[in-house]
file start_4.txt (compact mmCIF, C-alpha atoms and all ligand atoms)
# COMPACT_ATOMS: atom_id res chain seq x y z
CA MET A 1 197.64 -99.38 186.15
CA ALA A 2 194.94 -96.75 186.91
CA ASP A 3 191.56 -97.92 188.18
CA VAL A 4 189.10 -98.31 185.29
CA ILE A 5 186.42 -96.54 187.31
CA LYS A 6 186.68 -94.01 190.13
CA VAL A 7 184.07 -93.60 192.85
CA GLU A 8 184.06 -90.41 194.90
CA MET A 9 181.74 -89.32 197.71
CA SER A 10 180.76 -85.79 198.66
CA GLU A 11 178.06 -85.47 201.30
CA ARG A 12 175.37 -87.93 200.09
CA LEU A 13 176.33 -87.68 196.43
CA ALA A 14 178.44 -90.41 194.81
CA THR A 15 180.22 -89.69 191.53
CA ILE A 16 181.37 -92.58 189.36
CA THR A 17 183.90 -91.68 186.66
CA LEU A 18 184.64 -94.00 183.74
CA ASN A 19 188.41 -93.85 183.75
CA ARG A 20 190.04 -94.96 180.50
CA PRO A 21 190.45 -91.55 178.86
CA GLU A 22 193.22 -92.87 176.57
CA ALA A 23 190.59 -95.15 174.97
CA LEU A 24 187.79 -92.54 175.19
CA ASN A 25 186.45 -94.54 178.17
CA ALA A 26 185.53 -97.49 175.94
CA LEU A 27 183.73 -100.10 178.03
CA ASN A 28 185.61 -103.36 178.54
CA ALA A 29 184.60 -106.40 180.59
CA LYS A 30 186.52 -105.23 183.67
CA MET A 31 184.73 -101.87 183.62
CA LEU A 32 181.33 -103.55 183.28
CA SER A 33 182.07 -105.79 186.29
CA GLU A 34 183.37 -102.91 188.41
CA LEU A 35 180.44 -100.68 187.50
CA THR A 36 178.01 -103.46 188.43
CA MET A 37 179.68 -103.90 191.83
CA ALA A 38 179.79 -100.14 192.42
CA PHE A 39 176.07 -99.65 191.67
CA GLU A 40 175.16 -102.68 193.82
CA HIS A 41 177.15 -101.23 196.70
CA LEU A 42 175.82 -97.67 196.30
CA SER A 43 172.24 -98.91 196.07
CA MET A 44 172.55 -100.45 199.54
CA ALA A 45 174.62 -97.65 201.13
CA ALA A 46 172.49 -95.71 203.62
CA ASP A 47 174.70 -92.63 203.32
CA VAL A 48 174.21 -92.28 199.53
CA GLY A 49 171.21 -90.44 198.09
CA ALA A 50 172.09 -89.95 194.41
CA ILE A 51 174.74 -90.96 191.89
CA ILE A 52 176.35 -89.06 189.00
CA LEU A 53 177.99 -91.08 186.21
CA THR A 54 180.49 -89.29 183.96
CA GLY A 55 183.63 -89.87 181.89
CA ALA A 56 187.24 -88.93 182.59
CA GLY A 57 188.96 -86.47 180.29
CA ASP A 58 187.60 -83.78 178.05
CA LYS A 59 186.46 -85.82 175.05
CA ALA A 60 184.23 -88.70 176.01
CA PHE A 61 181.57 -90.02 178.34
CA ALA A 62 182.18 -93.41 176.67
CA ALA A 63 182.88 -94.03 172.96
CA GLY A 64 181.21 -97.44 173.11
CA ALA A 65 182.02 -101.00 173.98
CA ASP A 66 185.72 -101.73 173.57
CA ILE A 67 186.07 -102.60 169.88
CA LYS A 68 189.62 -103.92 170.33
CA ASP A 69 188.37 -106.44 172.93
CA MET A 70 185.40 -107.42 170.76
CA ALA A 71 187.65 -108.13 167.77
CA GLY A 72 188.61 -111.55 169.13
CA LEU A 73 185.18 -112.68 170.36
CA ASN A 74 183.12 -115.44 168.76
CA GLY A 75 179.30 -115.44 168.76
CA MET A 76 178.87 -117.03 172.18
CA GLU A 77 181.44 -114.67 173.67
CA MET A 78 179.67 -111.67 172.09
CA GLN A 79 176.45 -112.88 173.70
CA ARG A 80 178.14 -113.17 177.12
CA PHE A 81 179.58 -109.66 176.70
CA SER A 82 176.09 -108.34 175.93
CA GLU A 83 174.74 -110.20 178.99
CA LYS A 84 177.39 -108.49 181.13
CA GLY A 85 176.17 -105.11 179.92
CA ARG A 86 172.57 -106.14 180.54
CA ARG A 87 173.35 -107.26 184.10
CA LEU A 88 174.95 -103.88 184.79
CA GLU A 89 171.94 -102.02 183.43
CA ASP A 90 169.54 -104.28 185.38
CA VAL A 91 171.44 -103.32 188.54
CA MET A 92 171.20 -99.62 187.56
CA ALA A 93 167.44 -99.96 187.05
CA ALA A 94 167.02 -101.74 190.38
CA CYS A 95 169.33 -99.28 192.18
CA SER A 96 167.23 -97.42 194.76
CA LYS A 97 169.11 -94.16 194.14
CA PRO A 98 168.57 -91.85 191.15
CA ILE A 99 171.41 -92.03 188.61
CA LEU A 100 172.28 -88.93 186.57
CA ALA A 101 174.46 -89.19 183.47
CA ALA A 102 176.71 -86.15 183.01
CA ILE A 103 177.58 -86.61 179.33
CA ASN A 104 180.85 -84.77 178.84
CA GLY A 105 181.60 -85.73 175.22
CA TYR A 106 181.12 -88.75 172.97
CA ALA A 107 178.36 -91.13 174.13
CA LEU A 108 178.39 -93.66 171.32
CA GLY A 109 177.22 -97.26 171.07
CA GLY A 110 177.54 -98.86 174.49
CA GLY A 111 178.30 -95.38 175.88
CA CYS A 112 174.97 -94.05 174.66
CA GLU A 113 173.30 -97.20 175.99
CA LEU A 114 174.88 -96.68 179.41
CA ALA A 115 173.50 -93.13 179.43
CA LEU A 116 170.09 -94.52 178.41
CA ALA A 117 170.18 -96.79 181.47
CA CYS A 118 170.54 -93.74 183.73
CA ASP A 119 167.43 -91.98 185.08
CA ILE A 120 168.34 -88.45 183.92
CA ARG A 121 170.79 -87.28 181.22
CA ILE A 122 172.50 -83.87 181.21
CA ALA A 123 174.80 -83.17 178.27
CA SER A 124 177.68 -80.80 177.65
CA ASP A 125 177.20 -78.66 174.55
CA ARG A 126 180.15 -80.61 173.11
CA ALA A 127 178.46 -84.01 173.49
CA LYS A 128 177.83 -86.25 170.53
CA LEU A 129 175.46 -89.19 170.85
CA GLY A 130 174.66 -92.09 168.59
CA GLN A 131 174.46 -95.81 167.95
CA PRO A 132 177.22 -96.36 165.35
CA GLU A 133 177.34 -100.17 165.68
CA VAL A 134 176.19 -100.81 162.10
CA ASN A 135 179.32 -98.98 160.89
CA ILE A 136 181.31 -101.97 162.13
CA GLY A 137 178.79 -104.61 161.11
CA ILE A 138 177.15 -105.22 164.48
CA ILE A 139 174.04 -103.99 166.33
CA PRO A 140 173.50 -102.28 169.71
CA GLY A 141 174.25 -104.84 172.42
CA PHE A 142 173.72 -103.01 175.72
CA GLY A 143 169.99 -102.31 175.40
CA GLY A 144 169.96 -99.55 172.78
CA SER A 145 167.44 -101.22 170.49
CA GLN A 146 164.98 -101.34 173.40
CA ARG A 147 165.61 -98.23 175.53
CA LEU A 148 166.24 -95.79 172.66
CA PRO A 149 162.79 -96.19 170.99
CA ARG A 150 161.10 -96.02 174.41
CA LEU A 151 162.82 -92.67 175.05
CA VAL A 152 162.83 -90.94 171.64
CA GLY A 153 160.20 -92.87 169.68
CA ALA A 154 160.47 -95.49 166.96
CA GLY A 155 161.33 -93.11 164.09
CA TRP A 156 164.36 -91.40 165.62
CA ALA A 157 165.57 -94.72 167.06
CA ALA A 158 165.38 -96.30 163.61
CA GLU A 159 167.26 -93.40 162.02
CA LEU A 160 170.04 -93.49 164.61
CA VAL A 161 170.40 -97.28 164.64
CA PHE A 162 170.17 -97.76 160.84
CA THR A 163 172.45 -94.87 159.80
CA GLY A 164 174.97 -95.04 162.64
CA ASP A 165 175.03 -91.22 162.54
CA SER A 166 175.94 -89.24 165.63
CA ILE A 167 173.80 -86.29 166.65
CA ASP A 168 174.90 -83.15 168.47
CA ALA A 169 173.74 -82.20 171.95
CA ALA A 170 171.11 -79.72 170.72
CA THR A 171 169.46 -82.38 168.53
CA ALA A 172 169.63 -84.88 171.39
CA GLU A 173 167.82 -82.38 173.60
CA ARG A 174 165.19 -81.68 170.92
CA ILE A 175 164.31 -85.36 170.51
CA GLY A 176 164.32 -86.03 174.26
CA LEU A 177 167.47 -88.16 174.32
CA VAL A 178 168.93 -85.81 176.94
CA ASN A 179 167.01 -83.75 179.49
CA ARG A 180 169.08 -80.62 178.94
CA VAL A 181 172.26 -79.23 177.44
CA VAL A 182 174.61 -76.99 179.40
CA PRO A 183 177.91 -75.25 178.59
CA HIS A 184 180.77 -77.77 178.77
CA ASP A 185 182.53 -76.13 181.73
CA ARG A 186 179.24 -75.97 183.71
CA LEU A 187 178.35 -79.66 183.25
CA MET A 188 179.40 -81.05 186.62
CA HIS A 189 178.11 -77.97 188.45
CA GLU A 190 174.68 -78.35 186.81
CA ALA A 191 174.62 -82.11 187.42
CA ARG A 192 175.48 -81.59 191.09
CA ALA A 193 172.85 -78.84 191.41
CA LEU A 194 170.17 -81.16 190.04
CA ALA A 195 171.38 -83.98 192.31
CA SER A 196 171.26 -81.61 195.31
CA LYS A 197 167.63 -80.82 194.58
CA ILE A 198 166.84 -84.54 194.67
CA LEU A 199 168.95 -85.08 197.80
CA ALA A 200 166.77 -82.55 199.62
CA LYS A 201 163.69 -84.79 199.20
CA GLY A 202 162.56 -87.75 201.28
CA PRO A 203 164.89 -90.68 200.49
CA ALA A 204 162.16 -93.33 200.87
CA ALA A 205 159.88 -91.36 198.53
CA ILE A 206 162.66 -91.05 195.93
CA ALA A 207 163.40 -94.79 196.07
CA LEU A 208 159.72 -95.69 195.68
CA ALA A 209 159.21 -93.10 192.93
CA LYS A 210 162.12 -94.66 191.02
CA ALA A 211 160.59 -98.12 191.41
CA CYS A 212 157.27 -96.78 190.04
CA LEU A 213 158.97 -95.09 187.07
CA ARG A 214 160.74 -98.36 186.33
CA ALA A 215 157.37 -100.17 186.48
CA ALA A 216 156.08 -97.69 183.89
CA GLN A 217 158.78 -98.92 181.49
CA GLU A 218 158.15 -102.58 182.11
CA MET A 219 154.47 -103.15 182.94
CA PRO A 220 151.16 -102.78 181.12
CA LEU A 221 149.25 -99.68 182.34
CA ALA A 222 146.85 -101.49 184.70
CA ALA A 223 149.67 -103.39 186.40
CA GLY A 224 151.78 -100.22 186.64
CA LEU A 225 148.90 -98.30 188.20
CA ALA A 226 148.35 -101.11 190.72
CA PHE A 227 152.10 -101.03 191.48
CA GLU A 228 151.88 -97.27 192.12
CA THR A 229 148.88 -97.73 194.44
CA SER A 230 150.81 -100.31 196.50
CA ALA A 231 153.88 -98.07 196.59
CA PHE A 232 151.68 -95.17 197.75
CA GLY A 233 150.52 -97.40 200.62
CA LEU A 234 154.11 -98.31 201.40
CA VAL A 235 155.31 -94.70 201.43
CA GLY A 236 152.45 -94.02 203.84
CA THR A 237 154.14 -96.32 206.40
CA THR A 238 157.44 -94.38 206.38
CA GLN A 239 158.83 -91.92 208.91
CA ASP A 240 159.57 -89.65 205.96
CA LYS A 241 155.83 -89.35 205.25
CA GLU A 242 155.15 -88.46 208.92
CA GLU A 243 158.00 -85.94 208.95
CA GLY A 244 157.26 -84.45 205.51
CA ILE A 245 153.62 -83.76 206.28
CA ARG A 246 154.32 -82.54 209.82
CA ALA A 247 157.03 -80.17 208.50
CA PHE A 248 154.61 -78.78 205.89
CA LEU A 249 151.94 -78.14 208.53
CA GLU A 250 154.49 -76.60 210.92
CA LYS A 251 155.88 -74.41 208.07
CA ARG A 252 159.48 -75.66 208.43
CA ALA A 253 161.97 -77.70 206.39
CA PRO A 254 161.70 -81.46 206.90
CA ALA A 255 164.45 -83.42 208.67
CA TRP A 256 164.39 -86.75 206.84
CA LYS A 257 165.22 -90.01 208.57
CA GLY A 258 165.37 -92.01 205.34
CA ALA A 259 162.67 -94.68 205.88
N1 LIG A 301 186.77 -99.18 171.58
C1 LIG A 301 188.09 -99.24 171.74
N2 LIG A 301 188.91 -98.17 171.57
C2 LIG A 301 188.35 -97.00 171.21
C3 LIG A 301 186.96 -96.87 171.02
C4 LIG A 301 186.14 -98.03 171.23
N3 LIG A 301 184.79 -98.00 171.13
N4 LIG A 301 186.68 -95.60 170.65
C5 LIG A 301 187.87 -94.96 170.62
N5 LIG A 301 188.87 -95.80 170.97
C6 LIG A 301 190.32 -95.53 171.06
C7 LIG A 301 190.93 -95.40 169.67
O1 LIG A 301 191.22 -96.66 169.13
C8 LIG A 301 192.17 -94.58 170.00
O2 LIG A 301 193.13 -95.44 170.57
P1 LIG A 301 194.65 -95.50 169.95
O3 LIG A 301 195.19 -94.13 170.22
O4 LIG A 301 195.30 -96.58 170.75
O5 LIG A 301 194.49 -95.78 168.49
C9 LIG A 301 191.69 -93.65 171.12
O6 LIG A 301 190.52 -94.25 171.67
C10 LIG A 301 191.30 -92.28 170.61
O7 LIG A 301 190.34 -92.45 169.59
P2 LIG A 301 190.47 -91.77 168.13
O8 LIG A 301 191.90 -91.56 167.80
O9 LIG A 301 189.63 -92.57 167.19
O10 LIG A 301 189.79 -90.35 168.44
P3 LIG A 301 189.06 -89.41 167.39
O11 LIG A 301 188.84 -88.12 168.11
O12 LIG A 301 189.79 -89.36 166.10
O13 LIG A 301 187.64 -90.10 167.09
C11 LIG A 301 185.58 -91.21 167.70
C12 LIG A 301 186.68 -90.20 168.12
C13 LIG A 301 184.77 -90.61 166.54
C14 LIG A 301 184.66 -91.39 168.92
C15 LIG A 301 186.23 -92.54 167.27
O14 LIG A 301 187.15 -92.93 168.27
C16 LIG A 301 185.25 -93.65 167.07
O15 LIG A 301 184.57 -93.70 166.06
N6 LIG A 301 185.17 -94.60 168.04
C17 LIG A 301 184.34 -95.76 167.92
C18 LIG A 301 182.88 -95.43 168.18
C19 LIG A 301 182.03 -96.68 168.03
O16 LIG A 301 181.94 -97.26 166.98
N7 LIG A 301 181.36 -97.07 169.15
C20 LIG A 301 180.52 -98.26 169.15
C21 LIG A 301 181.30 -99.45 169.59
S1 LIG A 301 180.41 -100.97 169.42
C22 LIG A 301 179.36 -101.04 170.75
O17 LIG A 301 179.30 -100.13 171.56
C23 LIG A 301 178.56 -102.30 170.85
C24 LIG A 301 177.50 -102.25 171.88
O18 LIG A 301 176.46 -101.67 171.69
C25 LIG A 301 177.64 -103.02 173.11
call {"tool": "encode", "arguments": {"input": "start_4.txt", "output": "structure tokens"}}
result
Amino acid sequence: MADVIKVEMSERLATITLNRPEALNALNAKMLSELTMAFEHLSMAADVGAIILTGAGDKAFAAGADIKDMAGLNGMEMQRFSEKGRRLEDVMAACSKPILAAINGYALGGGCELALACDIRIASDRAKLGQPEVNIGIIPGFGGSQRLPRLVGAGWAAELVFTGDSIDAATAERIGLVNRVVPHDRLMHEARALASKILAKGPAAIALAKACLRAAQEMPLAAGLAFETSAFGLVGTTQDKEEGIRAFLEKRAPAWKGA
């Protein structure tokens, strides 16, 4: 049986591919566990600077949590399944490397929620996004009711969650659900180009910037500002700060050491 996720490395860029194209990459428990382990590993790997998450095949990023698997679950089991998704997304938030979703088709339900847990979302012009859970009598279970309103505002989140409607890529871009839309056959190229830009920056600065952006989602303003001040002090202790400033003053490109 094929691996449910694939992890590939090219230079300092890791690409994770959800690999159940026959089920439109629907997320089952095995995939959630393997994704959690992969992000934990990549977060610690010194030779990784950024991660792209995408779906196998031409149709889907992920069409949601696996409905066939959920059919047999009772309430407690549904809760555990949701907790599994939450653990994965906690690991993605804590991951010290930026995560870019390359949304190559349907990103529905748990698939949309997985994209929401990424730091940046780039969509193919064929992508369709939505939270269709109410169509099958359930609610978002992998963080959609919390991350979606934070990203697009309460009104759009309510419309998407209450109607179950999918929106096209252009609408997703307009409401801020995705950063940008690109032609389908350019998606991976554009995602890699954006990742390369990030990979050219100081790794310690990127890791601390991600921690600060996460604090902005989770902390009241005063606590978040204090967190940023401490992180600014911490980045001031790194070799990357020494090298970055010296390179600027010497009018050359920096040679990062990564701490
Ligand atoms: N779970 C399990 N299998 C799925 C799936 C899902 N979420 N989405 C698609 N599939 C399977 C289909 O059952 C089908 O398999 P079979 O050939 O064995 O029947 C295969 O993928 C291809 O799908 P379709 O034939 O349906 O493809 P389509 O092009 O006609 O339709 C679609 C595409 C509109 C995305 C449709 O598949 C669909 O509506 N999927 C379900 C979307 C959904 O409701 N997602 C939310 C799930 S609940 C959730 O995610 C909870 C949570 O928040 C944690």
call {"tool": "closest_residue", "arguments": {"input": "start_4.txt", "among": "A:Arg147, A:Lys68, A:His189, A:His41", "to": "Arg86 in chain A", "atoms": "all atoms listed in the file"}}
result
A:Arg147
call {"tool": "residues_around", "arguments": {"input": "start_4.txt", "residues": "range 105-114 of chain A", "least_positions_apart": "4", "cutoff": "7 Å", "atoms": "all atoms listed in the file", "output": "VMD selection string"}}
result
chain A and resid 58 to 65 118 124 126 to 133 140 142 to 144
call {"tool": "closest_atom_pairs", "arguments": {"input": "start_4.txt", "of": "range 54-129 of chain A", "to": "range 200-224 of chain A", "cutoff": "10 Å", "atoms": "all atoms listed in the file", "output": "Markdown table"}}
result
| residue | atom | partner | partner_atom | distance |
| --- | --- | --- | --- | --- |
| A:Ala93 | CA | A:Arg214 | CA | 6.9 |
| A:Ala94 | CA | A:Ala211 | CA | 7.5 |
| A:Cys95 | CA | A:Ala207 | CA | 8.4 |
| A:Ser96 | CA | A:Ala207 | CA | 4.8 |
| A:Lys97 | CA | A:Ala207 | CA | 6.1 |
| A:Pro98 | CA | A:Lys210 | CA | 7.0 |
| A:Ile99 | CA | A:Lys210 | CA | 10.0 |
| A:Asp119 | CA | A:Lys210 | CA | 8.4 |
call {"tool": "atom_distance", "arguments": {"input": "start_4.txt", "atom1": "CA of Val181 in chain A", "atom2": "CA of Asn19 in chain A"}}
result
22.7 Å
call {"tool": "closest_residue", "arguments": {"input": "start_4.txt", "among": "A:Ala123, A:Ile136, A:Ala101, A:Met31", "to": "ligand LIG 301 (chain A)", "atoms": "all atoms listed in the file"}}
result
A:Ile136
call {"tool": "atom_distance", "arguments": {"input": "start_4.txt", "atom1": "CA of Asp47 in chain A", "atom2": "CA of Leu13 in chain A"}}
result
8.6 Å
call {"tool": "closest_residue", "arguments": {"input": "start_4.txt", "among": "A:Leu249, A:Val235, A:Val134, A:Val182", "to": "Val161 in chain A", "atoms": "all atoms listed in the file"}}
result
A:Val134
call {"tool": "atom_distance", "arguments": {"input": "start_4.txt", "atom1": "CA of Asn28 in chain A", "atom2": "CA of Glu89 in chain A"}}
result
14.6 Å
call {"tool": "residues_near_point", "arguments": {"input": "start_4.txt", "point": "(162.3, -92.8, 205.6)", "cutoff": "7 Å", "atoms": "all atoms listed in the file", "output": "PyMOL selection string"}}
result
chain A and resi 202-204+238-240+256-259
call {"tool": "write_last_selection", "arguments": {"input": "start_4.txt", "atoms": "C-alpha atoms", "output": "PDB file, in the frame of the given file"}}
result
ATOM      1  CA  GLY A 202     162.560 -87.750 201.280  1.00  0.00           C
ATOM      2  CA  PRO A 203     164.890 -90.680 200.490  1.00  0.00           C
ATOM      3  CA  ALA A 204     162.160 -93.330 200.870  1.00  0.00           C
ATOM      4  CA  THR A 238     157.440 -94.380 206.380  1.00  0.00           C
ATOM      5  CA  GLN A 239     158.830 -91.920 208.910  1.00  0.00           C
ATOM      6  CA  ASP A 240     159.570 -89.650 205.960  1.00  0.00           C
ATOM      7  CA  TRP A 256     164.390 -86.750 206.840  1.00  0.00           C
ATOM      8  CA  LYS A 257     165.220 -90.010 208.570  1.00  0.00           C
ATOM      9  CA  GLY A 258     165.370 -92.010 205.340  1.00  0.00           C
ATOM     10  CA  ALA A 259     162.670 -94.680 205.880  1.00  0.00           C
TER      11      ALA A 259
END
call {"tool": "closest_residue", "arguments": {"input": "start_4.txt", "among": "A:Lys197, A:His184, A:Lys84, A:Arg121", "to": "ligand LIG 301 (chain A)", "atoms": "only C-alpha atoms and all ligand atoms"}}
result
A:Lys84
call {"tool": "axis_aligned_box", "arguments": {"input": "start_4.txt", "around": "range 14-27 of chain A", "padding_each_side": "6 Å", "output": "JSON"}}
result
{"center_x": 185.8, "center_y": -94.9, "center_z": 184.9, "size_x": 26.8, "size_y": 22.4, "size_z": 31.8}
call {"tool": "closest_residue", "arguments": {"input": "start_4.txt", "among": "A:Arg20, A:Lys6, A:Arg12, A:Lys241", "to": "Glu34 in chain A", "atoms": "only C-alpha atoms"}}
result
A:Lys6
call {"tool": "closest_residue", "arguments": {"input": "start_4.txt", "among": "A:Met92, A:Leu35, A:Met76, A:Ile139", "to": "ligand LIG 301 (chain A)", "atoms": "all atoms listed in the file"}}
result
A:Ile139
